Amino acid sequence: IFVGWNLVEVIRPFLMVILFSVVVSSVTYPIYEYFSKVFKKKDRLASLVTCLVVIFAILIPLLIFLLILARQAVDLYVMTNDFIGKIDFNTILSWQPGNFFYDILGDYRNQIHDLVRENAQNLTQSLADLAKYISTYAASISAKVLTSLGITLFNLFLVFFTLYFLYKDGDKLVKKLMLVSPIPLK
């Protein structure tokens, strides 16, 4: 029981990847059978070619999508920092026609003007803090995307490795599982 529990704990981080590989291999198994016939029952070669076909047909577009997403996250961070660097908070808080806040307040301009004048320093600091928070948030999102890209590449390798052996030895594995299964064979 102890060894079994530890085995489960070792496999747990990879369980979803293995289950994904099982699903993909069961769906694409006819492709493997076709290549097995073409290569005259050379299971290793048929398994390798089928894995390459599956990787190029299904997983490479996913990887390209993730690379584009990572690049856009970096661009978002750079764009946010550039935008924040160009903001003049004194212009934003100036109280004159043409200013966004001045124009949208309408009849409440004079009441708000006194409040803005009294708290100009606090408002400037608050806007600077908000801009800093947005920049930091964009940087953390970019870091998460780039980190998940490395994990995705590792999982892609694991999928390839698992698929290879599922194609090559999948029928033997299914037969052994059916022997120990409580479900009756028909």
# chains A, B, ... in the order shown; residues from 1 in each chain; ligands from 1

$ residues_around --residues "A:Ser21" --least-positions-apart "4" --cutoff "7 Å" --atoms "only C-alpha atoms" --output "ChimeraX atom specification"
/A:17,25,159,162-163

$ write_last_selection --atoms "C-alpha atoms" --output "PDB file, in the first residue's frame"
ATOM      1  CA  VAL A  17      -0.929  14.571 -19.638  1.00  0.00           C
ATOM      2  CA  SER A  25      -3.816   7.599 -29.011  1.00  0.00           C
ATOM      3  CA  VAL A 159       2.793  13.484 -24.590  1.00  0.00           C
ATOM      4  CA  THR A 162       3.637   8.467 -23.892  1.00  0.00           C
ATOM      5  CA  LEU A 163       2.055   8.309 -27.341  1.00  0.00           C
TER       6      LEU A 163
END

$ closest_residue --among "A:Ala70, A:Leu62, A:Leu115, A:Leu153" --to "A:Ser140" --atoms "only C-alpha atoms"
A:Ala70

$ atom_distance --atom1 "atom CA of A:Phe35" --atom2 "atom CA of A:Met178"
25.6 Å

$ closest_residue --among "A:Phe157, A:Tyr108, A:Phe165, A:Tyr77" --to "A:Ile134" --atoms "only C-alpha atoms"
A:Tyr77
